[in-house]
>>> print(open('my_file_16.cif').read())   # mmCIF, N, CA and C atoms
data_coords
#
loop_
_atom_site.group_PDB
_atom_site.id
_atom_site.type_symbol
_atom_site.label_atom_id
_atom_site.label_comp_id
_atom_site.auth_asym_id
_atom_site.auth_seq_id
_atom_site.Cartn_x
_atom_site.Cartn_y
_atom_site.Cartn_z
ATOM 1 N N MET A 1 137.956 124.889 113.333
ATOM 2 C CA MET A 1 137.007 123.832 113.117
ATOM 3 C C MET A 1 135.702 124.168 113.834
ATOM 4 N N PHE A 2 134.573 123.791 113.235
ATOM 5 C CA PHE A 2 133.244 124.076 113.781
ATOM 6 C C PHE A 2 132.861 123.014 114.804
ATOM 7 N N ASP A 3 132.461 123.452 115.989
ATOM 8 C CA ASP A 3 132.036 122.518 117.042
ATOM 9 C C ASP A 3 130.522 122.663 117.246
ATOM 10 N N PRO A 4 129.723 121.695 116.773
ATOM 11 C CA PRO A 4 128.271 121.813 116.889
ATOM 12 C C PRO A 4 127.780 121.860 118.328
ATOM 13 N N LYS A 5 128.551 121.360 119.278
ATOM 14 C CA LYS A 5 128.138 121.386 120.680
ATOM 15 C C LYS A 5 128.186 122.793 121.249
ATOM 16 N N SER A 6 128.959 123.671 120.630
ATOM 17 C CA SER A 6 129.103 125.029 121.152
ATOM 18 C C SER A 6 127.961 125.942 120.708
ATOM 19 N N VAL A 7 127.142 125.492 119.774
ATOM 20 C CA VAL A 7 126.034 126.300 119.283
ATOM 21 C C VAL A 7 124.832 126.104 120.191
ATOM 22 N N LYS A 8 124.282 127.220 120.678
ATOM 23 C CA LYS A 8 123.105 127.133 121.545
ATOM 24 C C LYS A 8 121.863 126.884 120.699
ATOM 25 N N GLN A 9 121.010 126.034 121.200
ATOM 26 C CA GLN A 9 119.747 125.735 120.522
ATOM 27 C C GLN A 9 118.703 126.756 120.962
ATOM 28 N N ALA A 10 117.965 127.274 119.986
ATOM 29 C CA ALA A 10 116.898 128.219 120.298
ATOM 30 C C ALA A 10 115.760 127.476 120.983
ATOM 31 N N LYS A 11 115.155 128.135 121.961
ATOM 32 C CA LYS A 11 114.017 127.524 122.646
ATOM 33 C C LYS A 11 112.790 127.631 121.760
ATOM 34 N N SER A 12 111.993 126.617 121.801
ATOM 35 C CA SER A 12 110.779 126.580 121.000
ATOM 36 C C SER A 12 109.712 127.468 121.633
ATOM 37 N N ASN A 13 108.970 128.172 120.816
ATOM 38 C CA ASN A 13 107.874 129.007 121.289
ATOM 39 C C ASN A 13 106.530 128.310 121.133
ATOM 40 N N VAL A 14 106.543 127.006 120.947
ATOM 41 C CA VAL A 14 105.314 126.253 120.753
ATOM 42 C C VAL A 14 104.663 126.010 122.096
ATOM 43 N N ALA A 15 103.417 126.397 122.204
ATOM 44 C CA ALA A 15 102.684 126.176 123.450
ATOM 45 C C ALA A 15 102.162 124.751 123.491
ATOM 46 N N ILE A 16 102.203 124.162 124.646
ATOM 47 C CA ILE A 16 101.671 122.823 124.816
ATOM 48 C C ILE A 16 100.194 122.959 125.156
ATOM 49 N N PRO A 17 99.326 122.318 124.356
ATOM 50 C CA PRO A 17 97.896 122.459 124.619
ATOM 51 C C PRO A 17 97.519 121.828 125.954
ATOM 52 N N PRO A 18 96.491 122.377 126.608
ATOM 53 C CA PRO A 18 96.058 121.795 127.881
ATOM 54 C C PRO A 18 95.526 120.389 127.671
ATOM 55 N N LYS A 19 95.638 119.579 128.692
ATOM 56 C CA LYS A 19 95.133 118.211 128.601
ATOM 57 C C LYS A 19 93.617 118.243 128.479
ATOM 58 N N SER A 20 93.099 117.384 127.624
ATOM 59 C CA SER A 20 91.659 117.291 127.444
ATOM 60 C C SER A 20 91.060 116.463 128.558
ATOM 61 N N SER A 21 89.850 116.822 128.896
ATOM 62 C CA SER A 21 89.161 116.040 129.915
ATOM 63 C C SER A 21 88.670 114.742 129.286
ATOM 64 N N PRO A 22 88.511 113.680 130.072
ATOM 65 C CA PRO A 22 88.022 112.408 129.529
ATOM 66 C C PRO A 22 86.660 112.543 128.855
ATOM 67 N N ALA A 23 85.821 113.430 129.328
ATOM 68 C CA ALA A 23 84.502 113.616 128.725
ATOM 69 C C ALA A 23 84.637 114.124 127.291
ATOM 70 N N LYS A 24 85.552 115.040 127.060
ATOM 71 C CA LYS A 24 85.756 115.558 125.713
ATOM 72 C C LYS A 24 86.338 114.484 124.798
ATOM 73 N N LEU A 25 87.232 113.674 125.320
ATOM 74 C CA LEU A 25 87.831 112.626 124.512
ATOM 75 C C LEU A 25 86.795 111.601 124.084
ATOM 76 N N ALA A 26 85.838 111.338 124.941
ATOM 77 C CA ALA A 26 84.808 110.353 124.620
ATOM 78 C C ALA A 26 83.902 110.845 123.502
ATOM 79 N N MET A 27 83.821 112.158 123.303
ATOM 80 C CA MET A 27 82.937 112.721 122.289
ATOM 81 C C MET A 27 83.617 112.850 120.933
ATOM 82 N N MET A 28 84.930 112.652 120.875
ATOM 83 C CA MET A 28 85.656 112.786 119.611
ATOM 84 C C MET A 28 85.295 111.636 118.684
ATOM 85 N N PRO A 29 85.148 111.900 117.381
ATOM 86 C CA PRO A 29 84.814 110.820 116.453
ATOM 87 C C PRO A 29 85.964 109.831 116.329
ATOM 88 N N ASP A 30 85.619 108.612 116.032
ATOM 89 C CA ASP A 30 86.621 107.569 115.859
ATOM 90 C C ASP A 30 87.118 107.653 114.419
ATOM 91 N N THR A 31 88.202 108.401 114.199
ATOM 92 C CA THR A 31 88.641 108.715 112.842
ATOM 93 C C THR A 31 89.405 107.600 112.153
ATOM 94 N N VAL A 32 90.054 106.728 112.896
ATOM 95 C CA VAL A 32 90.840 105.683 112.248
ATOM 96 C C VAL A 32 89.942 104.713 111.483
ATOM 97 N N PRO A 33 88.886 104.169 112.102
ATOM 98 C CA PRO A 33 88.002 103.297 111.316
ATOM 99 C C PRO A 33 87.346 104.038 110.146
ATOM 100 N N ALA A 34 87.012 105.311 110.318
ATOM 101 C CA ALA A 34 86.424 106.084 109.227
ATOM 102 C C ALA A 34 87.414 106.195 108.075
ATOM 103 N N GLN A 35 88.674 106.425 108.376
ATOM 104 C CA GLN A 35 89.686 106.528 107.324
ATOM 105 C C GLN A 35 89.846 105.193 106.599
ATOM 106 N N ASP A 36 89.760 104.105 107.341
ATOM 107 C CA ASP A 36 89.832 102.783 106.710
ATOM 108 C C ASP A 36 88.655 102.569 105.771
ATOM 109 N N ARG A 37 87.460 102.978 106.194
ATOM 110 C CA ARG A 37 86.274 102.823 105.346
ATOM 111 C C ARG A 37 86.379 103.701 104.108
ATOM 112 N N ILE A 38 86.921 104.914 104.273
ATOM 113 C CA ILE A 38 87.107 105.820 103.134
ATOM 114 C C ILE A 38 88.088 105.199 102.143
ATOM 115 N N ARG A 39 89.182 104.651 102.654
ATOM 116 C CA ARG A 39 90.185 104.019 101.795
ATOM 117 C C ARG A 39 89.573 102.860 101.007
ATOM 118 N N GLU A 40 88.775 102.028 101.693
ATOM 119 C CA GLU A 40 88.129 100.890 101.026
ATOM 120 C C GLU A 40 87.151 101.366 99.955
ATOM 121 N N ARG A 41 86.358 102.402 100.281
ATOM 122 C CA ARG A 41 85.375 102.910 99.327
ATOM 123 C C ARG A 41 86.077 103.556 98.128
ATOM 124 N N ALA A 42 87.149 104.292 98.374
ATOM 125 C CA ALA A 42 87.900 104.909 97.277
ATOM 126 C C ALA A 42 88.446 103.836 96.341
ATOM 127 N N TYR A 43 88.897 102.726 96.904
ATOM 128 C CA TYR A 43 89.396 101.631 96.072
ATOM 129 C C TYR A 43 88.262 100.991 95.276
ATOM 130 N N GLU A 44 87.082 100.867 95.889
ATOM 131 C CA GLU A 44 85.919 100.343 95.162
ATOM 132 C C GLU A 44 85.584 101.241 93.972
ATOM 133 N N LEU A 45 85.649 102.559 94.188
ATOM 134 C CA LEU A 45 85.377 103.498 93.097
ATOM 135 C C LEU A 45 86.414 103.348 91.985
ATOM 136 N N TYR A 46 87.659 103.197 92.374
ATOM 137 C CA TYR A 46 88.755 102.986 91.414
ATOM 138 C C TYR A 46 88.489 101.724 90.590
ATOM 139 N N GLU A 47 88.132 100.653 91.268
ATOM 140 C CA GLU A 47 87.864 99.397 90.558
ATOM 141 C C GLU A 47 86.631 99.510 89.660
ATOM 142 N N SER A 48 85.613 100.239 90.114
ATOM 143 C CA SER A 48 84.389 100.368 89.314
ATOM 144 C C SER A 48 84.624 101.142 88.015
ATOM 145 N N ARG A 49 85.680 101.946 87.975
ATOM 146 C CA ARG A 49 86.053 102.670 86.754
ATOM 147 C C ARG A 49 86.983 101.843 85.882
ATOM 148 N N GLY A 50 87.216 100.593 86.252
ATOM 149 C CA GLY A 50 88.094 99.745 85.470
ATOM 150 C C GLY A 50 89.563 99.916 85.816
ATOM 151 N N GLY A 51 89.851 100.504 86.976
ATOM 152 C CA GLY A 51 91.243 100.660 87.401
ATOM 153 C C GLY A 51 91.996 101.744 86.657
ATOM 154 N N GLU A 52 91.254 102.687 86.097
ATOM 155 C CA GLU A 52 91.884 103.791 85.358
ATOM 156 C C GLU A 52 92.673 104.687 86.326
ATOM 157 N N PRO A 53 93.983 104.847 86.113
ATOM 158 C CA PRO A 53 94.787 105.672 87.022
ATOM 159 C C PRO A 53 94.541 107.165 86.817
ATOM 160 N N GLY A 54 94.975 107.947 87.815
ATOM 161 C CA GLY A 54 94.957 109.398 87.682
ATOM 162 C C GLY A 54 93.755 110.090 88.294
ATOM 163 N N ARG A 55 92.857 109.358 88.916
ATOM 164 C CA ARG A 55 91.692 110.004 89.526
ATOM 165 C C ARG A 55 91.580 109.640 91.001
ATOM 166 N N ASP A 56 92.707 109.327 91.614
ATOM 167 C CA ASP A 56 92.702 108.885 93.002
ATOM 168 C C ASP A 56 92.173 109.948 93.962
ATOM 169 N N GLU A 57 92.502 111.208 93.711
ATOM 170 C CA GLU A 57 92.024 112.280 94.589
ATOM 171 C C GLU A 57 90.506 112.419 94.490
ATOM 172 N N GLN A 58 89.975 112.339 93.278
ATOM 173 C CA GLN A 58 88.525 112.415 93.096
ATOM 174 C C GLN A 58 87.834 111.242 93.784
ATOM 175 N N ASP A 59 88.409 110.043 93.661
ATOM 176 C CA ASP A 59 87.846 108.872 94.320
ATOM 177 C C ASP A 59 87.842 109.059 95.836
ATOM 178 N N TRP A 60 88.952 109.571 96.368
ATOM 179 C CA TRP A 60 89.061 109.766 97.820
ATOM 180 C C TRP A 60 88.031 110.786 98.301
ATOM 181 N N LEU A 61 87.918 111.912 97.595
ATOM 182 C CA LEU A 61 86.981 112.947 98.020
ATOM 183 C C LEU A 61 85.534 112.462 97.950
ATOM 184 N N ARG A 62 85.201 111.709 96.908
ATOM 185 C CA ARG A 62 83.848 111.159 96.800
ATOM 186 C C ARG A 62 83.588 110.165 97.942
ATOM 187 N N ALA A 63 84.575 109.328 98.233
ATOM 188 C CA ALA A 63 84.436 108.365 99.325
ATOM 189 C C ALA A 63 84.268 109.081 100.664
ATOM 190 N N GLU A 64 85.023 110.156 100.877
ATOM 191 C CA GLU A 64 84.872 110.954 102.107
ATOM 192 C C GLU A 64 83.451 111.486 102.240
ATOM 193 N N GLN A 65 82.927 112.029 101.145
ATOM 194 C CA GLN A 65 81.562 112.570 101.189
ATOM 195 C C GLN A 65 80.563 111.485 101.537
ATOM 196 N N GLU A 66 80.729 110.317 100.960
ATOM 197 C CA GLU A 66 79.795 109.222 101.210
ATOM 198 C C GLU A 66 79.896 108.712 102.656
ATOM 199 N N ILE A 67 81.107 108.553 103.151
ATOM 200 C CA ILE A 67 81.312 107.964 104.472
ATOM 201 C C ILE A 67 81.034 108.961 105.584
ATOM 202 N N LEU A 68 81.429 110.208 105.397
ATOM 203 C CA LEU A 68 81.335 111.204 106.472
ATOM 204 C C LEU A 68 80.063 112.044 106.427
ATOM 205 N N LYS A 69 79.186 111.804 105.457
ATOM 206 C CA LYS A 69 77.969 112.618 105.385
ATOM 207 C C LYS A 69 77.147 112.398 106.659
ATOM 208 N N PRO A 70 76.500 113.454 107.129
ATOM 209 C CA PRO A 70 75.705 113.328 108.353
ATOM 210 C C PRO A 70 74.575 112.316 108.174
ATOM 211 N N GLN A 71 74.401 111.493 109.180
ATOM 212 C CA GLN A 71 73.339 110.501 109.161
ATOM 213 C C GLN A 71 72.055 111.144 109.689
ATOM 214 N N ARG A 72 70.961 110.942 108.976
ATOM 215 C CA ARG A 72 69.688 111.549 109.411
ATOM 216 C C ARG A 72 68.808 110.526 110.041
#
>>> encode(input="my_file_16.cif", output="structure tokens")
Amino acid sequence: MFDPKSVKQAKSNVAIPPKSSPAKLAMMPDTVPAQDRIRERAYELYESRGGEPGRDEQDWLRAEQEILKPQR
């Protein structure tokens, strides 16, 4: 009979990234609200096309471009 407890687990070779300094964390963009805005805009685009299915990826990419474009 096979005993799973007798099998040794391989050690992971994944390196743990160094902790970020608070200054670096403060400079990171706030991505969660941006994703929410992208989702809302993509849905607006979907509705503006009359709710036609099958173009969700195009709507999302267009919304990303609109929301994430650099502000001048």
>>> atom_distance(input="my_file_16.cif", atom1="atom CA of Asp59 of chain A", atom2="atom CA of Tyr46 of chain A")
6.6 Å
>>> resolve_selection(input="my_file_16.cif", expression="the PyMOL selection byres (((chain A and resi 62 and name CA) around 12) and name CA)", output="list in words")
Ile38, Arg39, Glu40, Arg41, Ala42, Tyr43, Glu44, Leu45, Tyr46, Arg55, Asp56, Glu57, Gln58, Asp59, Trp60, Leu61, Ala63, Glu64, Gln65, Glu66, Ile67, Leu68 and Lys69 of chain A
>>> write_last_selection(input="my_file_16.cif", atoms="N, CA and C atoms", output="mmCIF file, in the coordinates of the input")
data_model
loop_
_atom_site.group_PDB
_atom_site.id
_atom_site.type_symbol
_atom_site.label_atom_id
_atom_site.label_comp_id
_atom_site.auth_asym_id
_atom_site.auth_seq_id
_atom_site.Cartn_x
_atom_site.Cartn_y
_atom_site.Cartn_z
ATOM 1 N N ILE A 38 86.921 104.914 104.273
ATOM 2 C CA ILE A 38 87.107 105.820 103.134
ATOM 3 C C ILE A 38 88.088 105.199 102.143
ATOM 4 N N ARG A 39 89.182 104.651 102.654
ATOM 5 C CA ARG A 39 90.185 104.019 101.795
ATOM 6 C C ARG A 39 89.573 102.860 101.007
ATOM 7 N N GLU A 40 88.775 102.028 101.693
ATOM 8 C CA GLU A 40 88.129 100.890 101.026
ATOM 9 C C GLU A 40 87.151 101.366 99.955
ATOM 10 N N ARG A 41 86.358 102.402 100.281
ATOM 11 C CA ARG A 41 85.375 102.910 99.327
ATOM 12 C C ARG A 41 86.077 103.556 98.128
ATOM 13 N N ALA A 42 87.149 104.292 98.374
ATOM 14 C CA ALA A 42 87.900 104.909 97.277
ATOM 15 C C ALA A 42 88.446 103.836 96.341
ATOM 16 N N TYR A 43 88.897 102.726 96.904
ATOM 17 C CA TYR A 43 89.396 101.631 96.072
ATOM 18 C C TYR A 43 88.262 100.991 95.276
ATOM 19 N N GLU A 44 87.082 100.867 95.889
ATOM 20 C CA GLU A 44 85.919 100.343 95.162
ATOM 21 C C GLU A 44 85.584 101.241 93.972
ATOM 22 N N LEU A 45 85.649 102.559 94.188
ATOM 23 C CA LEU A 45 85.377 103.498 93.097
ATOM 24 C C LEU A 45 86.414 103.348 91.985
ATOM 25 N N TYR A 46 87.659 103.197 92.374
ATOM 26 C CA TYR A 46 88.755 102.986 91.414
ATOM 27 C C TYR A 46 88.489 101.724 90.590
ATOM 28 N N ARG A 55 92.857 109.358 88.916
ATOM 29 C CA ARG A 55 91.692 110.004 89.526
ATOM 30 C C ARG A 55 91.580 109.640 91.001
ATOM 31 N N ASP A 56 92.707 109.327 91.614
ATOM 32 C CA ASP A 56 92.702 108.885 93.002
ATOM 33 C C ASP A 56 92.173 109.948 93.962
ATOM 34 N N GLU A 57 92.502 111.208 93.711
ATOM 35 C CA GLU A 57 92.024 112.280 94.589
ATOM 36 C C GLU A 57 90.506 112.419 94.490
ATOM 37 N N GLN A 58 89.975 112.339 93.278
ATOM 38 C CA GLN A 58 88.525 112.415 93.096
ATOM 39 C C GLN A 58 87.834 111.242 93.784
ATOM 40 N N ASP A 59 88.409 110.043 93.661
ATOM 41 C CA ASP A 59 87.846 108.872 94.320
ATOM 42 C C ASP A 59 87.842 109.059 95.836
ATOM 43 N N TRP A 60 88.952 109.571 96.368
ATOM 44 C CA TRP A 60 89.061 109.766 97.820
ATOM 45 C C TRP A 60 88.031 110.786 98.301
ATOM 46 N N LEU A 61 87.918 111.912 97.595
ATOM 47 C CA LEU A 61 86.981 112.947 98.020
ATOM 48 C C LEU A 61 85.534 112.462 97.950
ATOM 49 N N ALA A 63 84.575 109.328 98.233
ATOM 50 C CA ALA A 63 84.436 108.365 99.325
ATOM 51 C C ALA A 63 84.268 109.081 100.664
ATOM 52 N N GLU A 64 85.023 110.156 100.877
ATOM 53 C CA GLU A 64 84.872 110.954 102.107
ATOM 54 C C GLU A 64 83.451 111.486 102.240
ATOM 55 N N GLN A 65 82.927 112.029 101.145
ATOM 56 C CA GLN A 65 81.562 112.570 101.189
ATOM 57 C C GLN A 65 80.563 111.485 101.537
ATOM 58 N N GLU A 66 80.729 110.317 100.960
ATOM 59 C CA GLU A 66 79.795 109.222 101.210
ATOM 60 C C GLU A 66 79.896 108.712 102.656
ATOM 61 N N ILE A 67 81.107 108.553 103.151
ATOM 62 C CA ILE A 67 81.312 107.964 104.472
ATOM 63 C C ILE A 67 81.034 108.961 105.584
ATOM 64 N N LEU A 68 81.429 110.208 105.397
ATOM 65 C CA LEU A 68 81.335 111.204 106.472
ATOM 66 C C LEU A 68 80.063 112.044 106.427
ATOM 67 N N LYS A 69 79.186 111.804 105.457
ATOM 68 C CA LYS A 69 77.969 112.618 105.385
ATOM 69 C C LYS A 69 77.147 112.398 106.659
#
>>> atom_distance(input="my_file_16.cif", atom1="atom N of Pro33 of chain A", atom2="atom N of Glu47 of chain A")
21.1 Å
>>> atom_distance(input="my_file_16.cif", atom1="atom C of Val32 of chain A", atom2="atom CA of Ser48 of chain A")
23.3 Å
